[in-house]
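Worksheet: the structure to be examined is printed underneath.
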Amino acid sequence: MTNNENKKNEGGLVAFLSASDHKSIGRFLISSSALLLFAALVGALITGYEASDIALLSVVEDSDQFMQLWAASREALIFAALIPMMVGVAVYIVPLQVGVERLAFARGSAAGFWVWLLGTFLFISSYLLNGGPGGGVRDSIILWLLSVAMMLIGLIWIMVCVAATLIGARAQGMSMDKAPYSSWSFFVYCLIGILVLPIIIGEIAISFVRVRYGDFQLADSGQLMPLSASLIRPPFVFWMAIPVLGIGADIIGVHTERPVKSTKLFMMLIGFVGFLAASSGFAFFATARNFEINEVSLVALDLMFVAVTLLVAIPFTSLIRGKTALNPAILGSLFSGFLFLAAILISVIDNLSGVWNQVEINPLTLNSFDQEIVSNDVLAVEAIINYGAVFALIVGSVILAFVASAHHWSVKIWGRQLNRSLNFVSVVAAFIGSGSWAVGQVLASIENDPATVSVGALDNSSTVFGDLAVAGCLLLAASALLLVVNMAALSSTKVTGSAIVPWKGLTLEWATASPPIATNFAQKPIVSSSTPLTEDVFVEPEINQIESGNNLPALERGN
Amino acid sequence: MSVEVTPYETISVVPAKETGDVKNLLVIATTLVSAAVIIGYLAMVGFYLSERADVLAKGEIWLPEGVTIPLTQPNYMGLSIAFSLFTAWWAVSAVKNNDRSNALLAYGCTLLFSFGFIAQTFYLISLLEMSASESNQAVLLYSLIGVHLVLTVIGIGHILVAAIRTIVGDFESKNYEAVTSSAIFWTAVVILYSVLWYSVYITK
């Protein structure tokens with residue numbers, strides 16, 4: 001396809017609305033979720049500000065509005081930003097990494113995107129019309145339920161497309177263990193999403209019948225809160241950060257020019273973390289979300305901590321022995337991994353301290369765990385005390401991975417390199433912001449007595465430390481805004497030809513033009529290793545040797 | 001903004017060997033979707049069982065006074081849908097063997113059984129005489145029945161499309177993935193009915 005044909009295909013409203021190419025859908029998801037991320041963080045910022053002094057509401061009018069804004073910001077963060085961000089990167093990158101022309105069910109993924117986007121608009125509308133948990137208009141509450149279901153259905157369908165591509169449409173010779181780390185982590189991520197997110201849809205269905213046809217009273221609309229609070233609690237919340245591990249490994253491998261070794265172990269560990277997140281998620285839902293500590297989540301958390309520690313540690317070999325490099329992509333990946341690890345660590349400590357202090361048992365042996373021994377309230381309060389902090393860290397981790405991905409694959413996505421300085425500021429702001437938000441939450445929980453914390457179970461109420469959390473939200477929002485500005489600057493210019501790739505990647509996405517041509521690859525690739533652009537990872541990829549032995553023209557690369 | 005560029009035409013780093021690398025994508029996707037549907041529905045059943053256990057633990061009765069769930073209809077519905085599962089896979093086998101007459105017969109039977117299932121479901125609902133606005137039990141019961149009904153209709157739609165495309169000659173022994181796909185989703189619908197049948201209609 002010529003440049004002119006490419007340009008022709010890219011322009012126009014009709015082309016925009018009917019686009020089914022994974023690159024277009026990926027870009028749509030990436031840009032819209034980045035915008036929504038900023039909006040959601042502003043919402044979180046306002047709730048944090050109000051929670052600093054819960055008795056003196058200044059922005060919202062009453063506790064119902066506070067609850068609505070809290071729920072809206074959290075739901076938007078999860079369903080409109082964090083999950084779509086990762087799904088967007090997956091939609092764009094996975095077909096390139098596994099060497100195929102398009103995503104499986106291209107039009108299906110486009111439909112998934114539009115369903116998600118329409119659901120997002122309806123979701124915002126429902127809250128504006130006084131819906132959601134704490135809402136006062138029945139129809140708006142129904143609209144809220146339907147909109148969340150639409151967002152979930154759209155995302156699940158896109159995840160099905162990504163997972164089906166990875167299972168059934170990889171390049172010849174690419175067994176699953178030869179797939180790049182990012183693709184593998186997206187596979188695990190999508191598979192768990194497909195299996196666990198429908199649980200929320202099931203609950204939405206019951207809530208819909210209750211609100212629409214049942215004896216639902218508007219005064220009880222706050223009872224719908226658990227629906228939106230389910231995904232923000234550990235250990236299931238860690239599912240959202242699974243792609244962080246694969247993206248980080250790929251980025252570190254490329255920028256240090258020393259791909260992360262122990263491929264199979266690394267992939268098995270990512271799968272293991274996914275399995276633990278899913279199993280603990282099922283266990284959490286199975287306990288009817290009564291926030292009890294259960295045996296499965298305790299064991300899962302401990303094992304997950306060990307696994308993620310290894311997953312963060314293994315790439316350090318590349319960092320130490322590989323080429324020294326410091327850019328927003330590598331810094332974002334490192335910070336992202338650290339935040340993920342910190343989130344699990346807080347959860348482990350939380351659970352251990354909660355159990356040790358109250359029940360005096362060893363959670364690792366799971367003996368004598370009897371809910372009747374102590375008050376359920378006390379146990380529950382101890383368990384939920386730092387959920388806000390863990391969520392803040394996971395939010396930061398995913399945002400950092402997103403910024404790192406955007407920088408790393410910038411030339412592939414937009415045909416331009418994102419502004420390095422802006423991205424550096426964005427990465428640092430997200431890291432400090434997330435940390436500050438989390439530290440504020442932890443300190444506030446220590447400052448308050450557990451009973452106070454349990455009243456809200458929303459955010460910890462504290463004047464001083466609450467301000468720290470607010471500052472964290474502000475920094476995260478600033479980070480998101482910088483990224484949006486950075487991406488908007490790139491998107492506003494037309495791309496012709498292929499940009500020079502600024503680093504030396506060895507996976508298939510680096511064997512395409514930047515941005516890729518309509519069919520991604522001029523011809524179908526055949527691979528024989530996990531680093532198909534070279535047989536020896538330490539050799540400069542001047543000549544790309546593929547299984548057939550052909551010596552092919554090298555990509556032009558920058559420094 | 002000026003950017004150094006390389007013409008697309010110079011970018012060619014992969015060998016010119018064509019491969020057939022796409023494997024049963026529709027079957028894979030349908031299996032994933034069916035798994036998602038099963039999990040979501042099981043969550044609803046779990047919620048129902050959990051609420052029921054709580055009520056029974058208090059020594060109260062689950063169904064509101066005067067409400068009974070007859071067994072005749074659920075059992076016949078079970079038989080209908082079980083037969084339809086058999087005929088749905090019979091259709092797959094027939095298309096796979098290019099046996100058009102058997103395929104059409106199998107499709108016809110599947111649709112007949114499935115429409116019968118839907119008719120009996122509506123009849124059962126009319127027998128329940130329970131208003132959703134009066135009790136939590138009714139909300140949960142109607143949610144389970146309603147969602148299963150929606151899934152049944154989607155499954156029938158899927159089978160209907162496969163049947164029509166088989167009639168017009170789109171599917172045959174070398175291309176019957178969509179037929180298998182419709183049978184897989186239908187299997188999920190039948191599995192879910194067996195769960196509904198036991199957890200709601202039998203154990204009440």
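Identifiers in the structure tokens: chain A, B, ... in order shown; residue index from 1 per chain; ligand index from 1 in order shown.
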
Within 8 Å of Ile156 of chain A, counting only C-alpha atoms, which residues qualify if same-chain residues fewer than 2 places away don't, as a list in words?
Gly112, Leu152, Ile153, Gly154, Ile158, Met159, Val160, Cys190, Gly193, Ile194 and Leu197 of chain A

Would you export the selected residues with C-alpha atoms as a compact mmCIF listing (two decimals), in the first residue's frame, please?
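Contents of again_32.txt, freshly written:
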# COMPACT_ATOMS: atom_id res chain seq x y z
CA GLY A 112 -16.21 -3.57 21.74
CA LEU A 152 -17.60 -4.26 31.06
CA ILE A 153 -19.09 -6.08 28.08
CA GLY A 154 -17.11 -3.88 25.68
CA ILE A 158 -11.90 -6.73 23.34
CA MET A 159 -10.08 -8.98 25.80
CA VAL A 160 -11.56 -12.01 24.02
CA CYS A 190 -7.13 -10.77 29.46
CA GLY A 193 -10.50 -10.38 33.00
CA ILE A 194 -12.67 -12.63 30.83
CA LEU A 197 -15.33 -9.45 35.28

Within 10 Å of Val209 of chain A using only C-alpha atoms, minus same-chain residues under 6 positions, as a PyMOL selection string
(chain A and resi 142+215-216) or (chain B and resi 132-133+138-144+146)

Hey, what does DSSP flag as helix (DSSP H, G or I) within segment 10-118 of chain A? Can you give it to me as a short mmCIF file (atom, residue, chain, number, x, y, z; two decimals) with N, CA and C atoms, in the first residue's frame?
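Output (part.cif):
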data_model
loop_
_atom_site.label_atom_id
_atom_site.label_comp_id
_atom_site.auth_asym_id
_atom_site.auth_seq_id
_atom_site.Cartn_x
_atom_site.Cartn_y
_atom_site.Cartn_z
N GLU A 10 -6.68 6.89 6.37
CA GLU A 10 -6.64 7.36 7.75
C GLU A 10 -7.57 8.54 8.01
N LEU A 13 -14.31 11.48 8.82
CA LEU A 13 -15.15 11.04 9.93
C LEU A 13 -15.65 9.61 9.72
N VAL A 14 -16.01 9.31 8.47
CA VAL A 14 -16.52 7.97 8.18
C VAL A 14 -15.43 6.93 8.46
N ALA A 15 -14.21 7.27 8.02
CA ALA A 15 -13.10 6.35 8.27
C ALA A 15 -12.88 6.18 9.77
N PHE A 16 -13.05 7.27 10.49
CA PHE A 16 -12.86 7.23 11.94
C PHE A 16 -13.90 6.31 12.60
N LEU A 17 -15.14 6.49 12.18
CA LEU A 17 -16.22 5.72 12.81
C LEU A 17 -16.22 4.26 12.40
N SER A 18 -15.73 4.00 11.18
CA SER A 18 -15.79 2.61 10.70
C SER A 18 -14.45 1.88 10.83
N HIS A 22 -6.62 -2.73 14.13
CA HIS A 22 -6.24 -2.75 15.54
C HIS A 22 -5.44 -1.52 15.93
N LYS A 23 -4.73 -0.94 14.96
CA LYS A 23 -3.92 0.24 15.29
C LYS A 23 -4.84 1.44 15.59
N SER A 24 -5.88 1.59 14.78
CA SER A 24 -6.82 2.69 15.03
C SER A 24 -7.55 2.47 16.36
N ILE A 25 -8.03 1.26 16.57
CA ILE A 25 -8.77 0.97 17.81
C ILE A 25 -7.86 1.15 19.02
N GLY A 26 -6.63 0.68 18.88
CA GLY A 26 -5.66 0.84 19.97
C GLY A 26 -5.42 2.30 20.29
N ARG A 27 -5.24 3.11 19.22
CA ARG A 27 -5.02 4.55 19.45
C ARG A 27 -6.24 5.20 20.10
N PHE A 28 -7.43 4.83 19.62
CA PHE A 28 -8.66 5.40 20.22
C PHE A 28 -8.71 5.08 21.72
N LEU A 29 -8.45 3.80 22.02
CA LEU A 29 -8.53 3.39 23.43
C LEU A 29 -7.48 4.10 24.27
N ILE A 30 -6.28 4.19 23.73
CA ILE A 30 -5.19 4.82 24.48
C ILE A 30 -5.51 6.29 24.75
N SER A 31 -5.93 7.01 23.71
CA SER A 31 -6.14 8.45 23.89
C SER A 31 -7.39 8.72 24.74
N SER A 32 -8.48 7.98 24.50
CA SER A 32 -9.69 8.27 25.29
C SER A 32 -9.50 7.86 26.75
N SER A 33 -8.81 6.75 26.99
CA SER A 33 -8.63 6.35 28.39
C SER A 33 -7.68 7.29 29.11
N ALA A 34 -6.71 7.87 28.38
CA ALA A 34 -5.81 8.84 29.02
C ALA A 34 -6.59 10.09 29.44
N LEU A 35 -7.48 10.53 28.58
CA LEU A 35 -8.32 11.69 28.93
C LEU A 35 -9.21 11.38 30.14
N LEU A 36 -9.82 10.19 30.10
CA LEU A 36 -10.70 9.81 31.20
C LEU A 36 -9.92 9.59 32.49
N LEU A 37 -8.66 9.18 32.35
CA LEU A 37 -7.81 9.02 33.53
C LEU A 37 -7.68 10.36 34.25
N PHE A 38 -7.41 11.39 33.47
CA PHE A 38 -7.27 12.72 34.06
C PHE A 38 -8.56 13.12 34.78
N ALA A 39 -9.70 12.92 34.10
CA ALA A 39 -10.99 13.30 34.70
C ALA A 39 -11.24 12.51 36.00
N ALA A 40 -10.94 11.22 35.97
CA ALA A 40 -11.17 10.39 37.15
C ALA A 40 -10.28 10.82 38.31
N LEU A 41 -9.04 11.19 37.98
CA LEU A 41 -8.13 11.62 39.05
C LEU A 41 -8.55 12.95 39.65
N VAL A 42 -9.13 13.81 38.83
CA VAL A 42 -9.67 15.07 39.37
C VAL A 42 -10.80 14.74 40.35
N GLY A 43 -11.65 13.76 39.98
CA GLY A 43 -12.71 13.32 40.90
C GLY A 43 -12.13 12.77 42.19
N ALA A 44 -11.08 11.96 42.07
CA ALA A 44 -10.43 11.39 43.26
C ALA A 44 -9.82 12.50 44.11
N LEU A 45 -9.30 13.51 43.43
CA LEU A 45 -8.70 14.65 44.13
C LEU A 45 -9.76 15.37 44.98
N ILE A 46 -10.93 15.58 44.40
CA ILE A 46 -11.99 16.28 45.13
C ILE A 46 -12.48 15.44 46.32
N THR A 47 -12.63 14.15 46.09
CA THR A 47 -13.09 13.31 47.22
C THR A 47 -12.03 13.26 48.32
N GLY A 48 -10.76 13.24 47.91
CA GLY A 48 -9.69 13.26 48.89
C GLY A 48 -9.72 14.55 49.69
N TYR A 49 -9.97 15.65 49.00
CA TYR A 49 -10.03 16.96 49.66
C TYR A 49 -11.20 17.00 50.65
N GLU A 50 -12.33 16.47 50.23
CA GLU A 50 -13.50 16.46 51.10
C GLU A 50 -13.30 15.52 52.29
N ALA A 51 -12.61 14.41 52.02
CA ALA A 51 -12.40 13.43 53.09
C ALA A 51 -11.42 13.96 54.14
N SER A 52 -10.64 14.99 53.78
CA SER A 52 -9.71 15.57 54.75
C SER A 52 -10.47 16.09 55.96
N SER A 63 -23.55 14.08 52.14
CA SER A 63 -22.83 12.81 52.15
C SER A 63 -23.21 11.92 50.96
N ASP A 64 -24.45 12.05 50.49
CA ASP A 64 -24.86 11.27 49.32
C ASP A 64 -24.05 11.68 48.09
N GLN A 65 -23.91 12.98 47.92
CA GLN A 65 -23.11 13.47 46.78
C GLN A 65 -21.66 13.05 46.91
N PHE A 66 -21.17 13.08 48.16
CA PHE A 66 -19.79 12.63 48.39
C PHE A 66 -19.64 11.17 47.96
N MET A 67 -20.63 10.37 48.36
CA MET A 67 -20.58 8.95 48.00
C MET A 67 -20.63 8.77 46.48
N GLN A 68 -21.47 9.57 45.84
CA GLN A 68 -21.58 9.47 44.37
C GLN A 68 -20.25 9.83 43.70
N LEU A 69 -19.66 10.94 44.17
CA LEU A 69 -18.41 11.37 43.55
C LEU A 69 -17.30 10.36 43.81
N TRP A 70 -17.30 9.82 45.04
CA TRP A 70 -16.29 8.82 45.38
C TRP A 70 -16.44 7.60 44.46
N ALA A 71 -17.67 7.10 44.37
CA ALA A 71 -17.91 5.92 43.54
C ALA A 71 -17.61 6.22 42.08
N ALA A 72 -18.04 7.39 41.60
CA ALA A 72 -17.82 7.73 40.19
C ALA A 72 -16.34 7.80 39.87
N SER A 73 -15.56 8.42 40.76
CA SER A 73 -14.12 8.56 40.46
C SER A 73 -13.42 7.20 40.47
N ARG A 74 -13.81 6.35 41.43
CA ARG A 74 -13.16 5.02 41.50
C ARG A 74 -13.58 4.16 40.31
N GLU A 75 -14.86 4.17 40.01
CA GLU A 75 -15.33 3.36 38.87
C GLU A 75 -14.71 3.86 37.57
N ALA A 76 -14.64 5.19 37.43
CA ALA A 76 -14.05 5.74 36.21
C ALA A 76 -12.57 5.35 36.14
N LEU A 77 -11.89 5.40 37.28
CA LEU A 77 -10.47 5.01 37.28
C LEU A 77 -10.31 3.57 36.78
N ILE A 78 -11.18 2.68 37.28
CA ILE A 78 -11.02 1.26 36.93
C ILE A 78 -11.54 0.96 35.52
N PHE A 79 -12.82 1.30 35.30
CA PHE A 79 -13.48 0.85 34.06
C PHE A 79 -13.27 1.78 32.87
N ALA A 80 -12.95 3.05 33.15
CA ALA A 80 -12.79 3.99 32.04
C ALA A 80 -11.33 4.36 31.80
N ALA A 81 -10.46 4.01 32.76
CA ALA A 81 -9.06 4.43 32.58
C ALA A 81 -8.08 3.27 32.69
N LEU A 82 -7.93 2.71 33.89
CA LEU A 82 -6.83 1.75 34.09
C LEU A 82 -6.96 0.50 33.20
N ILE A 83 -8.15 -0.12 33.21
CA ILE A 83 -8.31 -1.32 32.38
C ILE A 83 -8.25 -0.96 30.88
N PRO A 84 -9.00 0.05 30.41
CA PRO A 84 -8.91 0.39 28.98
C PRO A 84 -7.51 0.82 28.53
N MET A 85 -6.76 1.45 29.43
CA MET A 85 -5.40 1.84 29.06
C MET A 85 -4.56 0.62 28.70
N MET A 86 -4.61 -0.37 29.58
CA MET A 86 -3.82 -1.58 29.33
C MET A 86 -4.38 -2.35 28.13
N VAL A 87 -5.71 -2.40 28.04
CA VAL A 87 -6.32 -3.09 26.91
C VAL A 87 -5.95 -2.38 25.60
N GLY A 88 -5.93 -1.05 25.64
CA GLY A 88 -5.56 -0.28 24.45
C GLY A 88 -4.15 -0.58 23.97
N VAL A 89 -3.22 -0.63 24.92
CA VAL A 89 -1.84 -0.96 24.56
C VAL A 89 -1.79 -2.38 23.99
N ALA A 90 -2.55 -3.29 24.62
CA ALA A 90 -2.58 -4.68 24.15
C ALA A 90 -3.11 -4.75 22.72
N VAL A 91 -4.20 -4.04 22.46
CA VAL A 91 -4.81 -4.07 21.12
C VAL A 91 -3.81 -3.58 20.08
N TYR A 92 -3.05 -2.57 20.42
CA TYR A 92 -2.11 -2.02 19.44
C TYR A 92 -0.88 -2.92 19.27
N ILE A 93 -0.33 -3.36 20.39
CA ILE A 93 0.99 -3.99 20.36
C ILE A 93 0.97 -5.50 20.10
N VAL A 94 -0.04 -6.19 20.66
CA VAL A 94 -0.03 -7.66 20.57
C VAL A 94 0.07 -8.18 19.13
N PRO A 95 -0.77 -7.69 18.19
CA PRO A 95 -0.64 -8.22 16.82
C PRO A 95 0.75 -7.96 16.23
N LEU A 96 1.34 -6.84 16.58
CA LEU A 96 2.69 -6.54 16.06
C LEU A 96 3.71 -7.48 16.69
N GLN A 97 3.56 -7.73 17.98
CA GLN A 97 4.54 -8.58 18.66
C GLN A 97 4.44 -10.04 18.24
N ALA A 106 -11.45 -8.27 13.99
CA ALA A 106 -11.15 -6.84 13.97
C ALA A 106 -12.40 -5.99 14.18
N ARG A 107 -13.47 -6.34 13.47
CA ARG A 107 -14.70 -5.54 13.62
C ARG A 107 -15.32 -5.76 15.01
N GLY A 108 -15.10 -6.95 15.55
CA GLY A 108 -15.60 -7.23 16.91
C GLY A 108 -14.91 -6.34 17.93
N SER A 109 -13.59 -6.17 17.76
CA SER A 109 -12.87 -5.32 18.71
C SER A 109 -13.31 -3.87 18.55
N ALA A 110 -13.60 -3.47 17.29
CA ALA A 110 -14.11 -2.10 17.07
C ALA A 110 -15.46 -1.94 17.76
N ALA A 111 -16.32 -2.96 17.62
CA ALA A 111 -17.63 -2.90 18.28
C ALA A 111 -17.44 -2.82 19.79
N GLY A 112 -16.49 -3.60 20.31
CA GLY A 112 -16.21 -3.57 21.74
C GLY A 112 -15.80 -2.18 22.20
N PHE A 113 -14.97 -1.52 21.38
CA PHE A 113 -14.53 -0.17 21.73
C PHE A 113 -15.71 0.80 21.78
N TRP A 114 -16.58 0.74 20.77
CA TRP A 114 -17.71 1.69 20.73
C TRP A 114 -18.71 1.40 21.84
N VAL A 115 -18.91 0.12 22.15
CA VAL A 115 -19.81 -0.21 23.27
C VAL A 115 -19.24 0.35 24.57
N TRP A 116 -17.93 0.17 24.74
CA TRP A 116 -17.28 0.70 25.94
C TRP A 116 -17.40 2.23 26.00
N LEU A 117 -17.15 2.88 24.86
CA LEU A 117 -17.19 4.34 24.84
C LEU A 117 -18.60 4.86 25.11
N LEU A 118 -19.59 4.23 24.47
CA LEU A 118 -20.98 4.63 24.70
C LEU A 118 -21.34 4.40 26.17
#

Work out how far atom CA of Ile251 of chain A is from atom CA of Leu326 of chain A, in Å to one decimal.
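Answer for the atom CA of Leu326 of chain A to atom CA of Ile251 of chain A separation: 11.4 Å.
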
Pick from A:Met150, A:Ala171, A:Leu166, A:Leu339, whichever lies nearest to chain B using only C-alpha atoms
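When distances to chain B are compared using only C-alpha atoms, the smallest one comes from A:Ala171.
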
Write out as a ChimeraX atom specification which residues come within 8 Å of segment 124-126 of chain B when counting only C-alpha atoms, dropping same-chain ones fewer than 2 positions away.
/B:70,73-74,120-122,128-129

For Phe83 of chain B, please output as a ChimeraX atom specification all residues within 9 Å (counting only C-alpha atoms; exclusion window: fewer than 5 positions along the same chain).
/B:78,88,109-110,113

Could you take the residues named above and write them with N, CA and C atoms, as a PDB file, in the first residue's frame?
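Produced file out.pdb, reproduced below:
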ATOM      1  N   GLY B  78     -35.956 -29.384  31.078  1.00  0.00           N
ATOM      2  CA  GLY B  78     -34.650 -30.045  31.116  1.00  0.00           C
ATOM      3  C   GLY B  78     -34.513 -31.073  30.013  1.00  0.00           C
ATOM      4  N   ALA B  88     -27.924 -30.393  18.489  1.00  0.00           N
ATOM      5  CA  ALA B  88     -26.993 -29.328  18.062  1.00  0.00           C
ATOM      6  C   ALA B  88     -25.660 -29.935  17.623  1.00  0.00           C
ATOM      7  N   CYS B 109     -34.722 -29.884  14.555  1.00  0.00           N
ATOM      8  CA  CYS B 109     -35.020 -30.446  15.874  1.00  0.00           C
ATOM      9  C   CYS B 109     -34.506 -29.523  16.977  1.00  0.00           C
ATOM     10  N   THR B 110     -33.296 -29.013  16.785  1.00  0.00           N
ATOM     11  CA  THR B 110     -32.695 -28.140  17.808  1.00  0.00           C
ATOM     12  C   THR B 110     -33.580 -26.917  18.037  1.00  0.00           C
ATOM     13  N   PHE B 113     -36.903 -27.924  19.816  1.00  0.00           N
ATOM     14  CA  PHE B 113     -36.722 -28.154  21.254  1.00  0.00           C
ATOM     15  C   PHE B 113     -36.466 -26.837  21.997  1.00  0.00           C
TER      16      PHE B 113
END

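In this comparison, which uses only C-alpha atoms, the residue of A:Gly274, A:Gly173, A:Gly119, A:Pro515 approaching Trp239 of chain A most closely is A:Gly274.
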
I need the residue nearest Leu127 of chain B from this list: B:Thr72, B:Trp186, B:Ala57, B:Leu196. Use only C-alpha atoms for the distance.
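Ranked by minimum distance to Leu127 of chain B, first place goes to B:Thr72.
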
Write out, as a Markdown table, each residue of chain A that has an atom at most 7 Å from chain B, together with the closest pair of atoms and their distance in Å to one decimal, counting only C-alpha atoms, rows going by chain and rising number.
| residue | atom | partner | partner_atom | distance |
| --- | --- | --- | --- | --- |
| A:Val160 | CA | B:Ala29 | CA | 6.1 |
| A:Ala164 | CA | B:Ala29 | CA | 5.7 |
| A:Gly168 | CA | B:Lys23 | CA | 4.9 |
| A:Ala169 | CA | B:Val22 | CA | 4.6 |
| A:Arg170 | CA | B:Asp21 | CA | 6.7 |
| A:Ala171 | CA | B:Asp21 | CA | 6.4 |
| A:Gln172 | CA | B:Asp21 | CA | 6.0 |
| A:Ile194 | CA | B:Ala36 | CA | 5.6 |
| A:Leu195 | CA | B:Ala36 | CA | 5.1 |
| A:Pro198 | CA | B:Gly40 | CA | 4.4 |
| A:Ile199 | CA | B:Gly40 | CA | 4.4 |
| A:Ile201 | CA | B:Gly40 | CA | 6.5 |
| A:Gly202 | CA | B:Gly40 | CA | 5.0 |
| A:Glu203 | CA | B:Met44 | CA | 6.3 |
| A:Ala205 | CA | B:Ser143 | CA | 6.7 |
| A:Ile206 | CA | B:Ser143 | CA | 5.5 |
| A:Val209 | CA | B:Val139 | CA | 6.2 |
| A:Arg210 | CA | B:Val139 | CA | 5.7 |
| A:Tyr213 | CA | B:Ser133 | CA | 5.7 |
| A:Gly214 | CA | B:Ser133 | CA | 3.9 |
| A:Asp215 | CA | B:Ser133 | CA | 4.6 |
| A:Gly497 | CA | B:Pro7 | CA | 4.7 |
| A:Ser498 | CA | B:Thr6 | CA | 4.8 |
| A:Ala499 | CA | B:Val5 | CA | 4.6 |
| A:Ile500 | CA | B:Val5 | CA | 6.2 |
| A:Ala511 | CA | B:Val13 | CA | 6.1 |
| A:Thr512 | CA | B:Ile11 | CA | 6.8 |
| A:Ala513 | CA | B:Ile11 | CA | 6.1 |
| A:Ala522 | CA | B:Ser12 | CA | 6.1 |
| A:Gln523 | CA | B:Ala16 | CA | 5.7 |
| A:Lys524 | CA | B:Glu18 | CA | 6.1 |
| A:Pro525 | CA | B:Val14 | CA | 5.3 |
| A:Asn544 | CA | B:Val13 | CA | 6.8 |
| A:Asn550 | CA | B:Pro15 | CA | 6.8 |
| A:Leu552 | CA | B:Val13 | CA | 5.2 |
| A:Pro553 | CA | B:Val13 | CA | 5.8 |
| A:Ala554 | CA | B:Val13 | CA | 6.7 |
| A:Leu555 | CA | B:Ile11 | CA | 6.7 |

May I have the residues within 10 Å of Ala430 of chain A as a PyMOL selection string, using only C-alpha atoms and disregarding those fewer than 2 positions away in the same chain?
chain A and resi 332+335-336+393+395-400+403+424-428+432-436+472-480

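Closest to Leu79 of chain B among B:Tyr193, B:Tyr123, B:Phe171, B:Tyr176 is B:Tyr193, based on only C-alpha atoms.
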
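Comparing B:Val179, B:Ile191, B:Thr87, B:Gly169 by their smallest distance to Arg100 of chain B, the closest is B:Gly169 (using only C-alpha atoms).
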
Fewer than 3 positions away in the same chain doesn't count, so skip those; otherwise give me all residues within 7 Å of segment 242-250 of chain A, counting only C-alpha atoms, as a PyMOL selection string.
chain A and resi 181-182+185-186+189+238-239+253-254+260+274+311+315+333+336-337+398+401

Could you give me, as a PDB file with N, CA and C atoms, in the first residue's frame, the residues within 9 Å of Trp62 of chain B, counting only C-alpha atoms and dropping anything in the same chain fewer than 2 positions from it?
ATOM      1  N   ARG B  52     -30.269 -17.507  50.207  1.00  0.00           N
ATOM      2  CA  ARG B  52     -31.183 -18.543  50.671  1.00  0.00           C
ATOM      3  C   ARG B  52     -30.656 -19.207  51.950  1.00  0.00           C
ATOM      4  N   ALA B  53     -29.350 -19.456  51.972  1.00  0.00           N
ATOM      5  CA  ALA B  53     -28.748 -20.088  53.153  1.00  0.00           C
ATOM      6  C   ALA B  53     -28.913 -19.188  54.379  1.00  0.00           C
ATOM      7  N   VAL B  55     -31.311 -17.033  54.972  1.00  0.00           N
ATOM      8  CA  VAL B  55     -32.711 -17.073  55.423  1.00  0.00           C
ATOM      9  C   VAL B  55     -32.999 -18.392  56.140  1.00  0.00           C
ATOM     10  N   LEU B  56     -32.540 -19.485  55.547  1.00  0.00           N
ATOM     11  CA  LEU B  56     -32.796 -20.792  56.154  1.00  0.00           C
ATOM     12  C   LEU B  56     -32.095 -20.921  57.507  1.00  0.00           C
ATOM     13  N   GLU B  60     -36.222 -19.520  58.991  1.00  0.00           N
ATOM     14  CA  GLU B  60     -37.374 -19.077  58.201  1.00  0.00           C
ATOM     15  C   GLU B  60     -37.491 -19.921  56.930  1.00  0.00           C
ATOM     16  N   PRO B  64     -41.810 -17.286  49.610  1.00  0.00           N
ATOM     17  CA  PRO B  64     -42.919 -16.652  50.315  1.00  0.00           C
ATOM     18  C   PRO B  64     -44.104 -17.611  50.450  1.00  0.00           C
ATOM     19  N   GLU B  65     -44.866 -17.382  51.472  1.00  0.00           N
ATOM     20  CA  GLU B  65     -46.001 -18.270  51.734  1.00  0.00           C
ATOM     21  C   GLU B  65     -46.947 -18.313  50.526  1.00  0.00           C
ATOM     22  N   GLN B 137     -36.761 -12.726  47.319  1.00  0.00           N
ATOM     23  CA  GLN B 137     -36.686 -14.040  46.682  1.00  0.00           C
ATOM     24  C   GLN B 137     -37.121 -13.959  45.223  1.00  0.00           C
ATOM     25  N   LYS B 204     -34.976 -25.809  45.552  1.00  0.00           N
ATOM     26  CA  LYS B 204     -35.837 -24.663  45.890  1.00  0.00           C
ATOM     27  C   LYS B 204     -35.227 -23.771  46.959  1.00  0.00           C
TER      28      LYS B 204
END
